[in-house]
>>> print(open('coords.tsv').read())   # TSV, C-alpha atoms and all ligand atoms
chain	number	residue	atom	x	y	z
A	1457	MET	CA	0.00	0.00	0.00
A	1458	LYS	CA	1.88	3.08	-1.34
A	1459	ILE	CA	0.91	6.71	-0.78
A	1460	THR	CA	-0.05	8.31	-4.10
A	1461	GLN	CA	-1.71	11.61	-3.18
A	1462	ILE	CA	-2.62	13.81	-0.20
A	1463	ARG	CA	-5.78	15.85	-0.58
A	1464	LEU	CA	-7.07	18.69	1.59
A	1465	ASP	CA	-10.66	19.84	2.12
A	1466	MET	CA	-12.50	22.09	4.58
A	1467	LEU	CA	-15.10	20.73	6.99
A	1468	ARG	CA	-17.59	23.10	8.64
A	1469	VAL	CA	-19.94	21.82	11.31
A	1470	PRO	CA	-21.92	24.23	13.52
A	1471	LEU	CA	-21.76	23.68	17.28
A	1472	LYS	CA	-24.98	23.18	19.25
A	1473	THR	CA	-24.13	26.31	21.28
A	1474	PRO	CA	-21.11	28.66	21.18
A	1475	PHE	CA	-18.02	27.24	22.93
A	1476	LYS	CA	-16.59	29.89	25.28
A	1477	THR	CA	-13.32	29.76	27.21
A	1478	ALA	CA	-11.03	32.32	28.81
A	1479	LEU	CA	-9.12	32.30	25.50
A	1480	ARG	CA	-11.80	32.37	22.80
A	1481	THR	CA	-15.40	31.96	21.64
A	1482	VAL	CA	-16.16	29.75	18.65
A	1483	ASP	CA	-19.44	28.56	17.14
A	1484	ALA	CA	-18.40	25.96	14.56
A	1485	VAL	CA	-15.80	23.31	13.80
A	1486	GLU	CA	-13.87	24.66	10.82
A	1487	ASP	CA	-11.14	22.10	10.29
A	1488	ILE	CA	-8.87	20.98	7.48
A	1489	ILE	CA	-9.56	17.37	6.46
A	1490	VAL	CA	-6.68	15.33	5.08
A	1491	SER	CA	-7.31	12.31	2.80
A	1492	VAL	CA	-4.26	10.19	2.11
A	1493	HIS	CA	-4.80	8.13	-1.07
A	1494	THR	CA	-2.96	4.94	-1.95
A	1495	ASP	CA	-2.27	2.74	-4.96
A	1496	SER	CA	-4.53	0.03	-3.48
A	1497	GLY	CA	-7.52	2.39	-3.45
A	1498	HIS	CA	-7.58	2.65	0.34
A	1499	VAL	CA	-8.04	6.17	1.76
A	1500	GLY	CA	-6.99	7.29	5.25
A	1501	TYR	CA	-8.56	10.32	6.95
A	1502	GLY	CA	-7.20	12.93	9.33
A	1503	GLU	CA	-8.25	16.34	10.66
A	1504	ALA	CA	-6.42	19.48	11.74
A	1505	ALA	CA	-7.98	22.12	14.02
A	1506	ALA	CA	-6.73	25.68	13.61
A	1507	THR	CA	-6.54	26.68	17.28
A	1508	ALA	CA	-4.20	29.65	16.82
A	1509	VAL	CA	-4.52	30.84	20.45
A	1510	ILE	CA	-3.12	27.53	21.70
A	1511	THR	CA	-1.03	25.86	18.98
A	1512	GLY	CA	-0.35	28.88	16.74
A	1513	ASP	CA	-1.83	26.94	13.82
A	1514	THR	CA	-4.13	28.66	11.32
A	1515	HIS	CA	-5.92	27.29	8.24
A	1516	GLY	CA	-3.26	28.91	6.08
A	1517	SER	CA	-0.32	27.50	8.04
A	1518	ILE	CA	-1.86	24.00	8.11
A	1519	VAL	CA	-2.47	23.95	4.35
A	1520	GLU	CA	0.98	25.37	3.58
A	1521	ALA	CA	2.77	22.92	5.90
A	1522	ILE	CA	1.00	19.89	4.45
A	1523	ASP	CA	1.08	20.91	0.77
A	1524	LYS	CA	4.62	22.29	0.69
A	1525	LEU	CA	6.52	20.46	3.44
A	1526	ILE	CA	4.85	17.20	4.46
A	1527	ALA	CA	3.06	15.75	1.41
A	1528	PRO	CA	6.04	15.90	-1.00
A	1529	ARG	CA	8.09	13.79	1.48
A	1530	LEU	CA	5.44	11.08	1.72
A	1531	VAL	CA	4.32	10.36	-1.83
A	1532	GLY	CA	5.67	6.95	-2.86
A	1533	MET	CA	6.22	5.71	0.70
A	1534	GLU	CA	4.82	2.35	1.91
A	1535	ILE	CA	2.27	2.46	4.72
A	1536	ALA	CA	3.85	-0.75	6.08
A	1537	ASP	CA	6.95	1.39	6.86
A	1538	LEU	CA	4.94	3.22	9.50
A	1539	ASN	CA	7.87	4.38	11.63
A	1540	ARG	CA	9.70	5.82	8.63
A	1541	VAL	CA	6.57	7.63	7.44
A	1542	VAL	CA	6.02	9.08	10.92
A	1543	HIS	CA	9.67	10.16	11.09
A	1544	ARG	CA	9.28	12.00	7.77
A	1545	ILE	CA	6.13	13.77	8.98
A	1546	GLN	CA	7.68	14.85	12.28
A	1547	GLY	CA	10.91	15.99	10.60
A	1548	ALA	CA	9.18	18.04	7.91
A	1549	ALA	CA	9.00	21.25	9.98
A	1550	GLU	CA	9.32	22.69	13.46
A	1551	ARG	CA	6.02	22.99	15.41
A	1552	ASN	CA	3.00	22.89	13.01
A	1553	THR	CA	1.61	20.21	15.32
A	1554	SER	CA	-1.96	20.26	13.99
A	1555	ALA	CA	-0.81	19.73	10.39
A	1556	LYS	CA	1.45	16.86	11.47
A	1557	ALA	CA	-1.35	15.39	13.58
A	1558	ALA	CA	-3.81	15.35	10.69
A	1559	VAL	CA	-1.42	13.57	8.33
A	1560	GLU	CA	-0.26	11.11	11.01
A	1561	ILE	CA	-3.87	10.25	11.90
A	1562	ALA	CA	-4.61	9.47	8.24
A	1563	VAL	CA	-1.47	7.32	7.97
A	1564	TYR	CA	-2.34	5.35	11.14
A	1565	ASP	CA	-5.87	4.91	9.72
A	1566	LEU	CA	-4.31	3.32	6.62
A	1567	TRP	CA	-1.98	1.20	8.76
A	1568	GLY	CA	-5.02	-0.29	10.48
A	1569	GLN	CA	-6.68	-0.86	7.11
A	1570	LEU	CA	-3.52	-2.56	5.81
A	1571	TYR	CA	-3.64	-5.14	8.59
A	1572	GLY	CA	-7.47	-5.34	8.69
A	1573	ALA	CA	-7.71	-4.38	12.37
A	1574	PRO	CA	-9.13	-1.46	14.37
A	1575	LEU	CA	-6.27	0.87	15.23
A	1576	TYR	CA	-6.49	0.37	19.01
A	1577	ARG	CA	-5.79	-3.36	18.59
A	1578	LEU	CA	-2.57	-2.64	16.70
A	1579	LEU	CA	-1.61	-0.14	19.43
A	1580	GLY	CA	-1.91	-2.85	22.08
A	1581	GLY	CA	-5.64	-3.55	22.51
A	1582	GLY	CA	-8.02	-2.66	25.30
A	1583	ASP	CA	-11.68	-2.30	26.18
A	1584	PRO	CA	-13.28	-0.43	23.24
A	1585	VAL	CA	-15.79	1.55	25.31
A	1586	ILE	CA	-14.85	4.76	27.13
A	1587	THR	CA	-16.74	7.55	28.90
A	1588	THR	CA	-16.13	11.25	28.27
A	1589	ASP	CA	-16.93	14.39	30.22
A	1590	ILE	CA	-18.58	17.41	28.58
A	1591	THR	CA	-17.49	21.04	28.65
A	1592	ILE	CA	-19.62	23.75	30.23
A	1593	SER	CA	-18.68	27.03	28.57
A	1594	VAL	CA	-17.88	30.05	30.71
A	1595	ASP	CA	-20.97	32.29	30.81
A	1596	TYR	CA	-23.51	33.93	33.12
A	1597	ILE	CA	-23.88	31.88	36.31
A	1598	ASP	CA	-27.52	30.92	35.66
A	1599	LYS	CA	-26.70	29.76	32.15
A	1600	MET	CA	-23.77	27.63	33.39
A	1601	VAL	CA	-25.96	26.05	36.08
A	1602	ALA	CA	-28.68	25.31	33.50
A	1603	ASP	CA	-26.12	23.87	31.05
A	1604	SER	CA	-24.65	21.71	33.84
A	1605	MET	CA	-28.07	20.37	34.86
A	1606	ASP	CA	-28.87	19.64	31.22
A	1607	ALA	CA	-25.59	17.73	30.80
A	1608	VAL	CA	-26.23	15.67	33.94
A	1609	ASN	CA	-29.75	14.88	32.72
A	1610	ARG	CA	-28.21	13.69	29.43
A	1611	GLY	CA	-26.10	11.23	31.42
A	1612	PHE	CA	-22.74	13.01	31.75
A	1613	GLU	CA	-21.15	12.14	35.07
A	1614	SER	CA	-18.15	14.43	34.68
A	1615	LEU	CA	-18.35	18.14	33.79
A	1616	LYS	CA	-15.42	20.29	32.67
A	1617	ILE	CA	-16.27	23.78	33.84
A	1618	LYS	CA	-14.58	26.63	32.00
A	1619	VAL	CA	-13.41	29.46	34.24
A	1620	GLY	CA	-10.44	31.85	34.16
A	1621	LYS	CA	-12.36	35.12	33.84
A	1622	GLU	CA	-13.17	37.46	36.77
A	1623	ILE	CA	-11.95	35.49	39.80
A	1624	GLY	CA	-14.81	36.46	42.14
A	1625	VAL	CA	-17.44	35.47	39.58
A	1626	ASP	CA	-15.50	32.26	38.82
A	1627	LEU	CA	-15.85	31.24	42.47
A	1628	GLU	CA	-19.59	31.95	42.39
A	1629	ARG	CA	-19.90	30.00	39.12
A	1630	VAL	CA	-18.26	26.90	40.58
A	1631	LYS	CA	-20.12	27.04	43.92
A	1632	ALA	CA	-23.49	27.39	42.16
A	1633	ILE	CA	-22.80	24.50	39.78
A	1634	TYR	CA	-21.50	22.32	42.62
A	1635	ALA	CA	-24.65	22.97	44.66
A	1636	ALA	CA	-26.82	22.12	41.65
A	1637	VAL	CA	-25.14	18.83	40.63
A	1638	GLU	CA	-23.54	17.62	43.89
A	1639	GLY	CA	-23.50	13.83	44.06
A	1640	ARG	CA	-24.57	13.49	40.40
A	1641	ALA	CA	-21.39	14.62	38.60
A	1642	LEU	CA	-17.69	15.18	39.22
A	1643	LEU	CA	-16.39	18.67	38.46
A	1644	ARG	CA	-13.09	19.47	36.76
A	1645	LEU	CA	-12.18	23.14	36.16
A	1646	ASP	CA	-10.27	24.53	33.19
A	1647	ALA	CA	-9.03	28.11	33.61
A	1648	ASN	CA	-7.31	28.15	30.19
A	1649	GLN	CA	-4.43	30.27	31.59
A	1650	GLY	CA	-6.80	32.93	32.97
A	1651	TRP	CA	-5.43	33.28	36.49
A	1652	THR	CA	-2.12	34.31	38.03
A	1653	ALA	CA	-0.45	31.75	40.30
A	1654	LYS	CA	-1.51	33.68	43.43
A	1655	GLN	CA	-5.10	34.05	42.19
A	1656	ALA	CA	-5.20	30.32	41.41
A	1657	VAL	CA	-4.03	29.36	44.90
A	1658	TYR	CA	-6.57	31.76	46.43
A	1659	ALA	CA	-9.42	30.44	44.24
A	1660	ILE	CA	-8.66	26.75	44.73
A	1661	ARG	CA	-8.12	27.09	48.50
A	1662	THR	CA	-11.35	29.07	48.82
A	1663	LEU	CA	-13.24	26.28	47.04
A	1664	GLU	CA	-11.49	23.60	49.12
A	1665	ASP	CA	-12.37	25.47	52.35
A	1666	ALA	CA	-15.99	25.78	51.19
A	1667	GLY	CA	-16.16	21.99	50.81
A	1668	VAL	CA	-16.40	22.08	47.00
A	1669	GLN	CA	-14.80	18.86	45.80
A	1670	LEU	CA	-12.98	19.19	42.50
A	1671	GLU	CA	-11.47	16.32	40.56
A	1672	LEU	CA	-8.73	18.60	39.16
A	1673	VAL	CA	-7.93	22.11	37.96
A	1674	GLU	CA	-6.52	22.43	34.45
A	1675	GLN	CA	-4.03	25.05	33.28
A	1676	PRO	CA	-4.66	27.73	35.92
A	1677	VAL	CA	-1.76	29.97	34.76
A	1678	LYS	CA	-0.13	31.16	31.54
A	1679	ALA	CA	1.30	28.39	29.33
A	1680	ARG	CA	4.92	29.50	29.77
A	1681	ASP	CA	4.64	30.08	33.52
A	1682	LEU	CA	5.97	26.70	34.64
A	1683	ALA	CA	7.22	28.23	37.90
A	1684	GLY	CA	3.70	29.51	38.52
A	1685	LEU	CA	2.20	26.11	37.72
A	1686	LYS	CA	4.57	24.48	40.20
A	1687	TYR	CA	3.76	27.17	42.79
A	1688	VAL	CA	0.05	26.30	42.52
A	1689	THR	CA	0.62	22.52	42.48
A	1690	GLU	CA	2.64	22.73	45.69
A	1691	ARG	CA	0.10	24.83	47.58
A	1692	VAL	CA	-3.28	23.16	47.02
A	1693	HIS	CA	-4.71	19.71	47.69
A	1694	THR	CA	-6.67	19.58	44.41
A	1695	PRO	CA	-4.68	17.90	41.59
A	1696	ILE	CA	-3.36	20.38	38.99
A	1697	MET	CA	-3.25	19.42	35.32
A	1698	ALA	CA	-0.98	20.91	32.64
A	1699	ASP	CA	-2.58	21.53	29.24
A	1700	GLU	CA	-1.24	24.48	27.19
A	1701	SER	CA	2.10	24.26	29.08
A	1702	VAL	CA	3.06	20.95	27.45
A	1703	PHE	CA	2.94	19.90	23.81
A	1704	GLY	CA	5.55	17.19	23.13
A	1705	PRO	CA	7.46	14.47	25.02
A	1706	ALA	CA	10.50	16.63	25.85
A	1707	GLU	CA	8.32	19.30	27.50
A	1708	VAL	CA	6.52	16.60	29.46
A	1709	ILE	CA	9.83	15.25	30.77
A	1710	ASP	CA	10.90	18.77	31.83
A	1711	LEU	CA	7.58	19.39	33.57
A	1712	LEU	CA	7.57	16.05	35.37
A	1713	ARG	CA	11.17	16.54	36.53
A	1714	MET	CA	10.13	19.90	37.98
A	1715	HIS	CA	7.03	18.35	39.65
A	1716	ALA	CA	5.15	21.31	38.15
A	1717	ALA	CA	1.82	19.46	37.72
A	1718	ASP	CA	0.06	16.30	38.89
A	1719	ILE	CA	-1.59	15.30	35.60
A	1720	ILE	CA	-0.83	15.82	31.89
A	1721	ASN	CA	-3.47	16.63	29.26
A	1722	ILE	CA	-2.49	14.93	25.98
A	1723	LYS	CA	-4.05	16.31	22.79
A	1724	LEU	CA	-3.18	15.09	19.31
A	1725	MET	CA	-3.24	18.69	18.01
A	1726	LYS	CA	-0.46	19.57	20.50
A	1727	THR	CA	1.64	16.41	20.19
A	1728	GLY	CA	1.68	16.37	16.38
A	1729	GLY	CA	-0.31	13.14	16.30
A	1730	ILE	CA	-0.50	9.62	17.61
A	1731	SER	CA	3.19	8.66	17.86
A	1732	ASN	CA	4.05	11.41	20.37
A	1733	ALA	CA	0.78	10.92	22.25
A	1734	ILE	CA	1.82	7.31	22.87
A	1735	ARG	CA	5.32	8.44	23.87
A	1736	ILE	CA	3.87	10.90	26.39
A	1737	ALA	CA	1.60	8.27	27.90
A	1738	ASP	CA	4.60	5.95	28.25
A	1739	ILE	CA	6.77	8.68	29.81
A	1740	ALA	CA	4.02	9.61	32.27
A	1741	SER	CA	3.64	5.95	33.16
A	1742	VAL	CA	7.37	5.74	33.97
A	1743	TYR	CA	6.94	8.72	36.31
A	1744	GLY	CA	3.78	7.20	37.82
A	1745	VAL	CA	1.74	10.18	36.61
A	1746	GLU	CA	-1.70	9.83	35.06
A	1747	CYS	CA	-2.93	11.56	31.92
A	1748	MET	CA	-6.08	12.95	30.43
A	1749	ILE	CA	-6.67	12.80	26.70
A	1750	GLY	CA	-8.44	15.88	25.35
A	1751	CYS	CA	-9.30	17.59	22.08
A	1752	MET	CA	-9.73	21.04	20.55
A	1753	ILE	CA	-12.94	21.96	18.72
A	1754	GLU	CA	-12.71	18.89	16.49
A	1755	SER	CA	-15.17	16.56	14.82
A	1756	SER	CA	-15.36	12.77	15.08
A	1757	ILE	CA	-12.48	12.25	12.60
A	1758	SER	CA	-9.50	13.32	14.69
A	1759	VAL	CA	-11.33	12.66	17.95
A	1760	ALA	CA	-11.80	9.05	16.78
A	1761	ALA	CA	-8.01	8.73	16.63
A	1762	ALA	CA	-7.75	10.05	20.19
A	1763	VAL	CA	-10.33	7.47	21.27
A	1764	HIS	CA	-8.19	4.65	19.83
A	1765	VAL	CA	-5.14	5.99	21.71
A	1766	ALA	CA	-7.18	6.32	24.93
A	1767	VAL	CA	-8.35	2.71	24.73
A	1768	ALA	CA	-4.88	1.34	23.98
A	1769	LYS	CA	-3.22	3.42	26.74
A	1770	ALA	CA	-5.99	3.13	29.34
A	1771	ASP	CA	-3.51	2.18	32.07
A	1772	THR	CA	-2.09	5.74	32.03
A	1773	ILE	CA	-4.82	7.74	30.27
A	1774	ARG	CA	-7.40	7.61	33.04
A	1775	LYS	CA	-9.37	10.76	32.22
A	1776	ILE	CA	-11.22	11.48	29.00
A	1777	ASP	CA	-12.19	14.90	27.61
A	1778	LEU	CA	-13.21	13.90	24.09
A	1779	ASP	CA	-16.44	15.87	23.86
A	1780	GLY	CA	-15.80	17.60	20.49
A	1781	PRO	CA	-18.32	15.40	18.64
A	1782	SER	CA	-20.94	15.86	21.39
A	1783	LEU	CA	-20.64	19.64	21.00
A	1784	CYS	CA	-21.31	19.42	17.23
A	1785	ALA	CA	-24.83	19.94	15.82
A	1786	PHE	CA	-24.42	16.80	13.67
A	1787	ASN	CA	-21.90	14.08	12.90
A	1788	PRO	CA	-20.51	14.48	9.36
A	1789	VAL	CA	-18.82	11.06	9.43
A	1790	GLU	CA	-20.25	7.78	8.16
A	1791	GLY	CA	-18.90	4.78	10.05
A	1792	GLY	CA	-16.12	4.95	12.57
A	1793	VAL	CA	-16.22	5.45	16.30
A	1794	ARG	CA	-19.73	5.85	17.74
A	1795	PHE	CA	-20.24	8.94	19.93
A	1796	ASN	CA	-23.40	8.67	21.98
A	1797	GLU	CA	-23.37	11.47	24.56
A	1798	SER	CA	-20.93	10.35	27.28
A	1799	GLU	CA	-20.45	6.83	25.89
A	1800	ILE	CA	-17.93	6.29	23.08
A	1801	THR	CA	-17.63	2.90	21.38
A	1802	ILE	CA	-15.23	1.54	18.78
A	1803	ASP	CA	-16.48	-1.18	16.44
A	1804	ASP	CA	-14.47	-3.86	14.60
A	1805	SER	CA	-13.85	-1.86	11.38
A	1806	PRO	CA	-10.21	-1.63	10.26
A	1807	GLY	CA	-8.24	1.54	11.03
A	1808	LEU	CA	-10.53	4.36	12.18
A	1809	GLY	CA	-13.48	2.72	10.37
A	1810	ILE	CA	-14.45	5.93	8.50
A	1811	ARG	CA	-16.44	5.12	5.34
A	1812	GLY	CA	-17.04	8.70	4.20
A	1813	ILE	CA	-17.39	12.34	5.27
A	1814	ARG	CA	-20.37	14.49	4.27
A	1815	GLY	CA	-20.13	18.15	3.27
A	1816	LEU	CA	-16.43	18.49	2.52
A	1817	GLU	CA	-15.60	21.73	0.68
A	1818	PRO	CA	-12.65	21.56	-1.70
A	1819	LEU	CA	-9.95	24.09	-0.88
A	1820	ALA	CA	-9.23	26.62	-3.62
A	1821	ALA	CA	-5.92	25.74	-5.31
B	1901	LIG	C1	-13.19	20.72	23.74
B	1901	LIG	C2	-12.42	20.37	24.99
B	1901	LIG	N1	-13.29	19.92	26.00
B	1901	LIG	C3	-11.60	21.54	25.46
B	1901	LIG	O1	-12.00	22.24	26.36
B	1901	LIG	N2	-10.44	21.73	24.82
B	1901	LIG	C4	-9.52	22.80	25.03
B	1901	LIG	C5	-9.88	24.09	24.41
B	1901	LIG	C6	-10.12	23.89	22.94
B	1901	LIG	C7	-10.33	25.04	22.04
B	1901	LIG	O2	-10.28	26.20	22.40
B	1901	LIG	O3	-10.55	24.68	20.86
B	1901	LIG	C8	-8.94	22.87	26.41
B	1901	LIG	O4	-8.46	23.90	26.81
B	1901	LIG	O5	-8.88	21.85	27.10
B	1902	MG	MG	-7.57	22.84	28.63
>>> encode(input="coords.tsv", output="structure tokens")
Amino acid sequence: MKITQIRLDMLRVPLKTPFKTALRTVDAVEDIIVSVHTDSGHVGYGEAAATAVITGDTHGSIVEAIDKLIAPRLVGMEIADLNRVVHRIQGAAERNTSAKAAVEIAVYDLWGQLYGAPLYRLLGGGDPVITTDITISVDYIDKMVADSMDAVNRGFESLKIKVGKEIGVDLERVKAIYAAVEGRALLRLDANQGWTAKQAVYAIRTLEDAGVQLELVEQPVKARDLAGLKYVTERVHTPIMADESVFGPAEVIDLLRMHAADIINIKLMKTGGISNAIRIADIASVYGVECMIGCMIESSISVAAAVHVAVAKADTIRKIDLDGPSLCAFNPVEGGVRFNESEITIDDSPGLGIRGIRGLEPLAA
């Protein structure tokens, strides 16, 4: 199975409601879809999210990196030479992690198709059913409480509450949601870099003292403020998770050596794809640290790949934040991983199991 062509299209899927964090507001998935074609007629699919505020990647940079730097190095290569293909993708450019992720995901999809097995089995196997949380966007307190109640009534047992705005209102947000869902759902907070280290310690201790039980707090401080992250981790009981502060394996090693966080959030759009996500899970396992696997605003193409990684690395990846498809107004994908509210199931189809994608818009040449 030889790579013959790499094609790029745009996928637009409206979200059910606007997604709001301390960093941005967005109302649709607008991602670049990669199709890797082969001489055997098999096609592998991948997806790149342009989350400029986190990865620096834009639609333009993703298209340019794939068309000009990655694709020319891959045409003619054998999918069976997976490690060499991955090496070429990762070596094609510095950063550009979302572009690399999309192409890697499509190549791993083909690798599964080549051997006729669902990807997670080739990555080591596991139980093909996982449970995700859902994100509650930062908003007026009443709206966040109503959204939280709605999510619990839909069966979500874990809510990821976005905070990181005005600290006083953040505390009221969390207390009100906790009172509304106590005993029915676990709460994780994501400040998306919105607090200073001192504010974070104050906010988390205030919630701890008020008896609000939190599963974890994600990325309380600026991405580059590793000293601040460590300061918070050392001063609160609630586990602290690094998200925007760590992209690849080397950064994870640095962070774990510093003891700057208790948990690592792995996202394919930060790692540059599946190979580094697996590496990070293995590194974290060596350090005895658990991981979450998360996503950006992505559809069920790239999130499916994250699901396969989560299943195969379930010993270390204990927390799942793969709610992108649940936030979408519809699923554009035929076949593949089944997303049913909090429950995500992989079937026996080879690779990612994607049979087709509706509504792709060709990119202007
Ligand atoms: C969608 C997921 N639950 C999530 O919150 N992901 C990111 C933000 C993604 C984005 O802005 O596209 C996170 O910070 O964890
Ligand atoms: Mg986050």
>>> residues_around(input="coords.tsv", residues="Val1708 (chain A)", least_positions_apart="4", cutoff="12 Å", atoms="only C-alpha atoms", output="tab-separated table (two decimals) with C-alpha atoms, in the coordinates of the input")
chain	number	residue	atom	x	y	z
A	1682	LEU	CA	5.97	26.70	34.64
A	1697	MET	CA	-3.25	19.42	35.32
A	1698	ALA	CA	-0.98	20.91	32.64
A	1699	ASP	CA	-2.58	21.53	29.24
A	1700	GLU	CA	-1.24	24.48	27.19
A	1701	SER	CA	2.10	24.26	29.08
A	1702	VAL	CA	3.06	20.95	27.45
A	1703	PHE	CA	2.94	19.90	23.81
A	1704	GLY	CA	5.55	17.19	23.13
A	1712	LEU	CA	7.57	16.05	35.37
A	1713	ARG	CA	11.17	16.54	36.53
A	1714	MET	CA	10.13	19.90	37.98
A	1715	HIS	CA	7.03	18.35	39.65
A	1716	ALA	CA	5.15	21.31	38.15
A	1717	ALA	CA	1.82	19.46	37.72
A	1718	ASP	CA	0.06	16.30	38.89
A	1719	ILE	CA	-1.59	15.30	35.60
A	1720	ILE	CA	-0.83	15.82	31.89
A	1721	ASN	CA	-3.47	16.63	29.26
A	1722	ILE	CA	-2.49	14.93	25.98
A	1726	LYS	CA	-0.46	19.57	20.50
A	1727	THR	CA	1.64	16.41	20.19
A	1732	ASN	CA	4.05	11.41	20.37
A	1733	ALA	CA	0.78	10.92	22.25
A	1735	ARG	CA	5.32	8.44	23.87
A	1736	ILE	CA	3.87	10.90	26.39
A	1737	ALA	CA	1.60	8.27	27.90
A	1738	ASP	CA	4.60	5.95	28.25
A	1739	ILE	CA	6.77	8.68	29.81
A	1740	ALA	CA	4.02	9.61	32.27
A	1741	SER	CA	3.64	5.95	33.16
A	1742	VAL	CA	7.37	5.74	33.97
A	1743	TYR	CA	6.94	8.72	36.31
A	1745	VAL	CA	1.74	10.18	36.61
A	1747	CYS	CA	-2.93	11.56	31.92
>>> residues_near_point(input="coords.tsv", point="(-26.2, 17.2, 30.3)", cutoff="10 Å", atoms="only C-alpha atoms", output="tab-separated table (two decimals) with C-alpha atoms, in the coordinates of the input")
chain	number	residue	atom	x	y	z
A	1589	ASP	CA	-16.93	14.39	30.22
A	1590	ILE	CA	-18.58	17.41	28.58
A	1591	THR	CA	-17.49	21.04	28.65
A	1592	ILE	CA	-19.62	23.75	30.23
A	1602	ALA	CA	-28.68	25.31	33.50
A	1603	ASP	CA	-26.12	23.87	31.05
A	1604	SER	CA	-24.65	21.71	33.84
A	1605	MET	CA	-28.07	20.37	34.86
A	1606	ASP	CA	-28.87	19.64	31.22
A	1607	ALA	CA	-25.59	17.73	30.80
A	1608	VAL	CA	-26.23	15.67	33.94
A	1609	ASN	CA	-29.75	14.88	32.72
A	1610	ARG	CA	-28.21	13.69	29.43
A	1611	GLY	CA	-26.10	11.23	31.42
A	1612	PHE	CA	-22.74	13.01	31.75
A	1613	GLU	CA	-21.15	12.14	35.07
A	1614	SER	CA	-18.15	14.43	34.68
A	1615	LEU	CA	-18.35	18.14	33.79
A	1641	ALA	CA	-21.39	14.62	38.60
A	1797	GLU	CA	-23.37	11.47	24.56
A	1798	SER	CA	-20.93	10.35	27.28
>>> closest_atom_pairs(input="coords.tsv", of="chain A", to="ligand MG 1902 (chain B)", cutoff="6 Å", atoms="only C-alpha atoms and all ligand atoms", output="JSON lines")
{"residue": "A:Asp1646", "atom": "CA", "partner": "B:MG1902", "partner_atom": "MG", "distance": 5.6}
{"residue": "A:Asn1648", "atom": "CA", "partner": "B:MG1902", "partner_atom": "MG", "distance": 5.5}
{"residue": "A:Glu1674", "atom": "CA", "partner": "B:MG1902", "partner_atom": "MG", "distance": 5.9}
{"residue": "A:Asp1699", "atom": "CA", "partner": "B:MG1902", "partner_atom": "MG", "distance": 5.2}
>>> residues_near_ligand(input="coords.tsv", ligand="ligand LIG 1901 (chain B)", cutoff="10 Å", atoms="only C-alpha atoms and all ligand atoms", output="PyMOL selection string")
chain A and resi 1475-1482+1485+1505-1511+1588-1593+1615-1618+1645-1649+1674-1675+1698-1700+1721-1723+1725+1748-1754+1776-1783
>>> residues_around(input="coords.tsv", residues="Ser1731 (chain A)", least_positions_apart="6", cutoff="12 Å", atoms="all atoms listed in the file", output="list of chain:residue names")
A:Leu1538, A:Asn1539, A:Arg1540, A:Val1541, A:Val1542, A:His1543, A:Ile1545, A:Gln1546, A:Thr1553, A:Lys1556, A:Ala1557, A:Val1559, A:Glu1560, A:Ile1561, A:Val1563, A:Tyr1564, A:Leu1579, A:Gly1704, A:Pro1705, A:Ile1722, A:Lys1723, A:Leu1724, A:Met1725, A:Ala1737, A:Asp1738, A:Ala1761, A:Ala1762, A:Val1765
>>> closest_residue(input="coords.tsv", among="A:Val1763, A:Val1657, A:Val1673, A:Ile1597", to="Val1630 (chain A)", atoms="only C-alpha atoms")
A:Ile1597
>>> closest_residue(input="coords.tsv", among="A:Ile1462, A:Ala1820, A:Ile1586, A:Met1600", to="Arg1794 (chain A)", atoms="only C-alpha atoms")
A:Ile1586
>>> residues_around(input="coords.tsv", residues="region 1515-1517 of chain A", least_positions_apart="3", cutoff="8 Å", atoms="only C-alpha atoms", output="VMD selection string")
chain A and resid 1487 to 1488 1506 1520 to 1521 1552
>>> closest_residue(input="coords.tsv", among="A:Ile1813, A:Ala1656, A:Ala1573, A:Ile1734", to="Val1677 (chain A)", atoms="only C-alpha atoms")
A:Ala1656
>>> residues_around(input="coords.tsv", residues="Gly1791 (chain A)", least_positions_apart="5", cutoff="7 Å", atoms="all atoms listed in the file", output="list in words")
Gly1809, Ile1810 and Arg1811 of chain A
>>> atom_distance(input="coords.tsv", atom1="CA of Glu1707 (chain A)", atom2="CA of Ala1562 (chain A)")
25.2 Å
>>> closest_residue(input="coords.tsv", among="A:Ser1496, A:Gln1655, A:Gly1581, A:Thr1473", to="Lys1599 (chain A)", atoms="all atoms listed in the file")
A:Thr1473
>>> decode(input="coords.tsv", residues="region 1598-1615 of chain A", atoms="C-alpha atoms", output="compact mmCIF listing (two decimals), in the first residue's frame")
# COMPACT_ATOMS: atom_id res chain seq x y z
CA ASP A 1598 -27.52 30.92 35.66
CA LYS A 1599 -26.70 29.76 32.15
CA MET A 1600 -23.77 27.63 33.39
CA VAL A 1601 -25.96 26.05 36.08
CA ALA A 1602 -28.68 25.31 33.50
CA ASP A 1603 -26.12 23.87 31.05
CA SER A 1604 -24.65 21.71 33.84
CA MET A 1605 -28.07 20.37 34.86
CA ASP A 1606 -28.87 19.64 31.22
CA ALA A 1607 -25.59 17.73 30.80
CA VAL A 1608 -26.23 15.67 33.94
CA ASN A 1609 -29.75 14.88 32.72
CA ARG A 1610 -28.21 13.69 29.43
CA GLY A 1611 -26.10 11.23 31.42
CA PHE A 1612 -22.74 13.01 31.75
CA GLU A 1613 -21.15 12.14 35.07
CA SER A 1614 -18.15 14.43 34.68
CA LEU A 1615 -18.35 18.14 33.79
